[in-house]
file final_13.tsv (TSV, C-alpha atoms and all ligand atoms)
chain	number	residue	atom	x	y	z
A	1	MET	CA	69.00	-27.54	-61.38
A	2	ARG	CA	69.77	-30.70	-63.23
A	3	VAL	CA	67.77	-33.83	-62.43
A	4	THR	CA	69.19	-37.18	-63.43
A	5	CYS	CA	67.17	-40.35	-63.19
A	6	THR	CA	66.30	-43.45	-65.14
A	7	VAL	CA	63.22	-43.13	-67.31
A	8	ASN	CA	61.81	-46.19	-69.03
A	9	GLY	CA	65.11	-47.97	-68.63
A	10	SER	CA	67.34	-45.20	-69.97
A	11	PRO	CA	69.60	-42.88	-67.98
A	12	THR	CA	68.07	-39.45	-68.45
A	13	ALA	CA	68.86	-35.88	-67.46
A	14	ALA	CA	66.65	-32.81	-67.41
A	15	ASP	CA	68.28	-29.39	-67.22
A	16	ASP	CA	67.06	-26.02	-65.98
A	17	VAL	CA	64.51	-27.66	-63.73
A	18	TRP	CA	62.89	-25.24	-61.33
A	19	GLU	CA	62.63	-26.51	-57.77
A	20	GLY	CA	58.87	-26.14	-57.76
A	21	GLU	CA	58.32	-28.21	-60.84
A	22	SER	CA	56.54	-31.52	-60.66
A	23	LEU	CA	57.84	-34.77	-62.03
A	24	LEU	CA	54.85	-34.68	-64.37
A	25	PHE	CA	55.98	-31.37	-65.83
A	26	VAL	CA	59.52	-32.68	-66.30
A	27	LEU	CA	58.28	-35.81	-68.05
A	28	ARG	CA	55.90	-34.01	-70.36
A	29	GLU	CA	57.60	-30.70	-71.03
A	30	ARG	CA	61.30	-31.42	-70.66
A	31	LEU	CA	61.65	-35.06	-71.61
A	32	GLY	CA	59.08	-35.26	-74.40
A	33	LEU	CA	56.97	-37.97	-72.80
A	34	PRO	CA	53.36	-36.77	-73.11
A	35	GLY	CA	51.75	-40.10	-72.24
A	36	SER	CA	51.20	-39.17	-68.61
A	37	LYS	CA	48.35	-36.69	-68.65
A	38	ASN	CA	47.87	-33.51	-66.69
A	39	ALA	CA	44.22	-33.33	-65.75
A	40	CYS	CA	43.91	-32.05	-62.18
A	41	GLU	CA	47.47	-31.45	-60.91
A	42	GLN	CA	46.15	-32.16	-57.43
A	43	GLY	CA	46.51	-35.90	-57.02
A	44	GLU	CA	42.80	-36.41	-57.50
A	45	CYS	CA	42.39	-38.09	-60.87
A	46	GLY	CA	45.25	-40.53	-61.51
A	47	SER	CA	45.78	-39.42	-65.12
A	48	CYS	CA	49.47	-38.84	-64.36
A	49	THR	CA	50.15	-42.23	-62.73
A	50	VAL	CA	53.71	-43.50	-63.18
A	51	TYR	CA	55.98	-45.98	-61.44
A	52	LEU	CA	58.57	-44.44	-59.12
A	53	ASP	CA	61.02	-47.09	-57.96
A	54	GLY	CA	58.37	-49.67	-58.77
A	55	VAL	CA	55.58	-48.01	-56.82
A	56	VAL	CA	52.72	-46.20	-58.55
A	57	VAL	CA	52.49	-42.51	-57.74
A	58	CYS	CA	50.77	-39.44	-59.09
A	59	ALA	CA	53.56	-37.67	-60.95
A	60	CYS	CA	51.86	-34.34	-60.39
A	61	LEU	CA	52.45	-34.71	-56.65
A	62	VAL	CA	56.13	-35.64	-56.92
A	63	ALA	CA	58.54	-32.72	-56.86
A	64	ALA	CA	61.07	-32.93	-59.68
A	65	GLY	CA	63.92	-33.01	-57.18
A	66	GLN	CA	62.46	-36.10	-55.56
A	67	ALA	CA	63.06	-37.95	-58.82
A	68	GLN	CA	66.82	-37.48	-58.56
A	69	GLY	CA	68.51	-40.86	-58.89
A	70	ARG	CA	65.21	-42.72	-59.00
A	71	ASP	CA	63.78	-45.19	-61.48
A	72	ILE	CA	60.69	-43.98	-63.33
A	73	VAL	CA	58.49	-45.91	-65.72
A	74	THR	CA	55.77	-44.06	-67.59
A	75	VAL	CA	52.99	-45.46	-69.75
A	76	GLU	CA	55.42	-45.20	-72.66
A	77	GLY	CA	57.61	-47.79	-70.91
A	78	VAL	CA	54.92	-50.26	-69.84
A	79	GLY	CA	55.10	-52.14	-73.13
A	80	ASP	CA	58.24	-53.36	-74.84
A	81	GLY	CA	59.00	-51.02	-77.71
A	82	ASP	CA	56.35	-51.59	-80.34
A	83	THR	CA	54.97	-54.58	-78.46
A	84	LEU	CA	52.02	-53.71	-76.24
A	85	ALA	CA	51.91	-54.95	-72.68
A	86	ALA	CA	49.16	-57.47	-71.95
A	87	VAL	CA	47.11	-54.86	-70.19
A	88	GLN	CA	47.42	-52.42	-73.10
A	89	ARG	CA	46.27	-55.07	-75.57
A	90	ALA	CA	43.36	-55.98	-73.30
A	91	PHE	CA	42.25	-52.34	-73.01
A	92	LEU	CA	42.13	-52.15	-76.79
A	93	ASP	CA	40.33	-55.44	-77.22
A	94	ALA	CA	37.78	-54.74	-74.49
A	95	GLY	CA	36.98	-51.26	-75.83
A	96	ALA	CA	38.30	-49.64	-72.66
A	97	VAL	CA	40.29	-46.92	-74.45
A	98	GLN	CA	37.50	-44.42	-74.28
A	99	CYS	CA	38.99	-40.96	-74.17
A	100	GLY	CA	42.74	-41.32	-74.06
A	101	PHE	CA	43.07	-38.91	-71.21
A	102	CYS	CA	42.39	-41.22	-68.29
A	103	THR	CA	43.64	-44.30	-70.11
A	104	PRO	CA	47.40	-43.86	-69.57
A	105	GLY	CA	46.99	-43.67	-65.81
A	106	LEU	CA	44.56	-46.57	-65.80
A	107	ILE	CA	47.00	-48.65	-67.83
A	108	VAL	CA	49.83	-48.05	-65.35
A	109	ALA	CA	47.59	-48.72	-62.34
A	110	ALA	CA	46.17	-51.89	-63.90
A	111	ASP	CA	49.63	-53.08	-64.91
A	112	ASP	CA	50.79	-52.58	-61.33
A	113	LEU	CA	47.81	-54.51	-59.99
A	114	LEU	CA	48.38	-57.48	-62.29
A	115	ARG	CA	52.05	-57.61	-61.36
A	116	ARG	CA	51.15	-57.76	-57.68
A	117	VAL	CA	47.95	-59.79	-57.96
A	118	PRO	CA	47.82	-61.82	-61.19
A	119	ARG	CA	44.24	-63.02	-60.61
A	120	PRO	CA	42.51	-60.16	-58.82
A	121	ALA	CA	38.93	-60.35	-57.63
A	122	ASP	CA	36.63	-57.60	-58.85
A	123	ALA	CA	36.84	-55.88	-55.48
A	124	GLU	CA	40.63	-55.80	-55.78
A	125	ILE	CA	40.41	-54.33	-59.28
A	126	ARG	CA	38.03	-51.64	-58.08
A	127	GLU	CA	40.27	-50.82	-55.13
A	128	ALA	CA	43.42	-50.70	-57.27
A	129	LEU	CA	41.77	-48.33	-59.75
A	130	ALA	CA	39.94	-46.25	-57.16
A	131	GLY	CA	42.39	-43.38	-57.59
A	132	ASN	CA	41.91	-43.25	-61.35
A	133	LEU	CA	38.87	-41.30	-62.39
A	134	CYS	CA	37.08	-42.02	-65.64
A	135	ARG	CA	35.04	-38.94	-66.31
A	136	CYS	CA	32.84	-40.66	-68.86
A	137	THR	CA	31.99	-43.29	-66.22
A	138	GLY	CA	32.87	-46.15	-68.55
A	139	TYR	CA	34.12	-48.28	-65.71
A	140	GLU	CA	32.57	-51.55	-66.85
A	141	THR	CA	34.74	-51.87	-69.96
A	142	ILE	CA	37.77	-50.94	-67.88
A	143	LEU	CA	36.95	-53.75	-65.46
A	144	ASP	CA	36.45	-56.05	-68.44
A	145	ALA	CA	39.89	-55.11	-69.75
A	146	VAL	CA	41.62	-55.93	-66.48
A	147	ARG	CA	39.73	-59.20	-66.21
A	148	LEU	CA	40.72	-60.04	-69.81
A	149	ALA	CA	44.39	-59.25	-69.24
A	150	SER	CA	44.34	-61.34	-66.10
A	151	ALA	CA	42.69	-64.29	-67.85
A	152	ARG	CA	45.15	-64.12	-70.71
A	153	GLN	CA	48.07	-64.04	-68.33
A	154	ALA	CA	46.69	-67.15	-66.68
A	155	GLY	CA	46.32	-68.80	-70.08
A	156	GLY	CA	42.54	-68.90	-69.89
A	157	VAL	CA	41.88	-66.73	-72.94
A	158	PRO	CA	44.05	-66.71	-76.08
A	159	ASP	CA	45.63	-63.38	-77.04
A	160	GLY	CA	43.16	-61.80	-79.42
A	161	GLY	CA	40.18	-63.43	-77.74
A	162	ALA	CA	37.76	-61.08	-76.03
A	163	GLY	CA	36.98	-63.48	-73.22
B	1	LIG	S1	46.96	-34.87	-62.86
B	1	LIG	FE1	47.94	-35.95	-61.26
B	1	LIG	S2	46.31	-36.88	-60.18
B	1	LIG	FE2	45.31	-35.68	-61.70
B	2	LIG	S1	38.15	-43.21	-70.23
B	2	LIG	FE1	38.56	-41.10	-70.04
B	2	LIG	S2	36.70	-40.27	-69.36
B	2	LIG	FE2	36.36	-42.38	-69.34
call {"tool": "encode", "arguments": {"input": "final_13.tsv", "output": "structure tokens"}}
result
Amino acid sequence: MRVTCTVNGSPTAADDVWEGESLLFVLRERLGLPGSKNACEQGECGSCTVYLDGVVVCACLVAAGQAQGRDIVTVEGVGDGDTLAAVQRAFLDAGAVQCGFCTPGLIVAADDLLRRVPRPADAEIREALAGNLCRCTGYETILDAVRLASARQAGGVPDGGAG
């Protein structure tokens, strides 16, 4: 079947999609967007987190057909072209890009949090990222990155400052 949807702002079509395929497979294997990672394929790790109509989901749990006509934003679309989103810049500056496998999902989840809650408390950050596993257990720098992005958004820390 053919699946048409909007991906990162562009009308997109994927052909020859099998009904059992996941949205994650379509993104990675048919649309050439490898940012969303395939780590567990069971909705357990968050590495495949994307926006679906503005709500974060695990792309591995979304059937390709469910994406028909929907609006999808992947980690490739979180920033603006070559310009990193605030949360991406903060992950770099805080040293939170540790393995590259969990990071894309964490970026999308953190971006979603900061859109909904610009100044989250630590408990809110932990809750928002609870579905995103970091296998190296480097959670402190990830928390630092979200705090830094939040502070920068609020104007408390200049871009480029580490907080
Ligand atoms: S690959 Fe989707 S949650 Fe792990
Ligand atoms: S950032 Fe990927 S294992 Fe920790």
call {"tool": "residues_near_ligand", "arguments": {"input": "final_13.tsv", "ligand": "ligand LIG 1 (chain B)", "cutoff": "9 Å", "atoms": "all atoms listed in the file", "output": "number ranges by chain"}}
result
A: 24, 36-49, 57-61, 105, 131-133
call {"tool": "closest_residue", "arguments": {"input": "final_13.tsv", "among": "A:Ala63, A:Ile125, A:Ala96, A:Ala130", "to": "ligand LIG 2 (chain B)", "atoms": "only C-alpha atoms and all ligand atoms"}}
result
A:Ala96
call {"tool": "atom_distance", "arguments": {"input": "final_13.tsv", "atom1": "atom CA of A:Asp71", "atom2": "atom CA of A:Ala110"}}
result
19.0 Å
call {"tool": "atom_distance", "arguments": {"input": "final_13.tsv", "atom1": "atom CA of A:Arg2", "atom2": "atom CA of A:Glu29"}}
result
14.5 Å
call {"tool": "axis_aligned_box", "arguments": {"input": "final_13.tsv", "around": "ligand LIG 2 (chain B)", "padding_each_side": "8 Å", "output": "JSON"}}
result
{"center_x": 37.5, "center_y": -41.7, "center_z": -69.8, "size_x": 18.2, "size_y": 18.9, "size_z": 16.9}
call {"tool": "atom_distance", "arguments": {"input": "final_13.tsv", "atom1": "atom CA of A:Tyr51", "atom2": "atom CA of A:Leu33"}}
result
13.9 Å
call {"tool": "residues_near_ligand", "arguments": {"input": "final_13.tsv", "ligand": "ligand LIG 2 (chain B)", "cutoff": "10 Å", "atoms": "all atoms listed in the file", "output": "ChimeraX atom specification"}}
result
/A:47,95-106,132-139,141-142
call {"tool": "write_last_selection", "arguments": {"input": "final_13.tsv", "atoms": "C-alpha atoms", "output": "PDB file, in the frame of the given file"}}
result
ATOM      1  CA  SER A  47      45.780 -39.420 -65.120  1.00  0.00           C
ATOM      2  CA  GLY A  95      36.980 -51.260 -75.830  1.00  0.00           C
ATOM      3  CA  ALA A  96      38.300 -49.640 -72.660  1.00  0.00           C
ATOM      4  CA  VAL A  97      40.290 -46.920 -74.450  1.00  0.00           C
ATOM      5  CA  GLN A  98      37.500 -44.420 -74.280  1.00  0.00           C
ATOM      6  CA  CYS A  99      38.990 -40.960 -74.170  1.00  0.00           C
ATOM      7  CA  GLY A 100      42.740 -41.320 -74.060  1.00  0.00           C
ATOM      8  CA  PHE A 101      43.070 -38.910 -71.210  1.00  0.00           C
ATOM      9  CA  CYS A 102      42.390 -41.220 -68.290  1.00  0.00           C
ATOM     10  CA  THR A 103      43.640 -44.300 -70.110  1.00  0.00           C
ATOM     11  CA  PRO A 104      47.400 -43.860 -69.570  1.00  0.00           C
ATOM     12  CA  GLY A 105      46.990 -43.670 -65.810  1.00  0.00           C
ATOM     13  CA  LEU A 106      44.560 -46.570 -65.800  1.00  0.00           C
ATOM     14  CA  ASN A 132      41.910 -43.250 -61.350  1.00  0.00           C
ATOM     15  CA  LEU A 133      38.870 -41.300 -62.390  1.00  0.00           C
ATOM     16  CA  CYS A 134      37.080 -42.020 -65.640  1.00  0.00           C
ATOM     17  CA  ARG A 135      35.040 -38.940 -66.310  1.00  0.00           C
ATOM     18  CA  CYS A 136      32.840 -40.660 -68.860  1.00  0.00           C
ATOM     19  CA  THR A 137      31.990 -43.290 -66.220  1.00  0.00           C
ATOM     20  CA  GLY A 138      32.870 -46.150 -68.550  1.00  0.00           C
ATOM     21  CA  TYR A 139      34.120 -48.280 -65.710  1.00  0.00           C
ATOM     22  CA  THR A 141      34.740 -51.870 -69.960  1.00  0.00           C
ATOM     23  CA  ILE A 142      37.770 -50.940 -67.880  1.00  0.00           C
TER      24      ILE A 142
END
call {"tool": "closest_residue", "arguments": {"input": "final_13.tsv", "among": "A:Ala64, A:Val50, A:Val26, A:Ile72", "to": "A:Asp111", "atoms": "all atoms listed in the file"}}
result
A:Val50
call {"tool": "closest_residue", "arguments": {"input": "final_13.tsv", "among": "A:Ala94, A:Ala67, A:Val75, A:Val3", "to": "A:Pro34", "atoms": "all atoms listed in the file"}}
result
A:Val75
call {"tool": "closest_residue", "arguments": {"input": "final_13.tsv", "among": "A:Ala14, A:Met1, A:Leu92, A:Val56", "to": "A:Thr74", "atoms": "only C-alpha atoms"}}
result
A:Val56
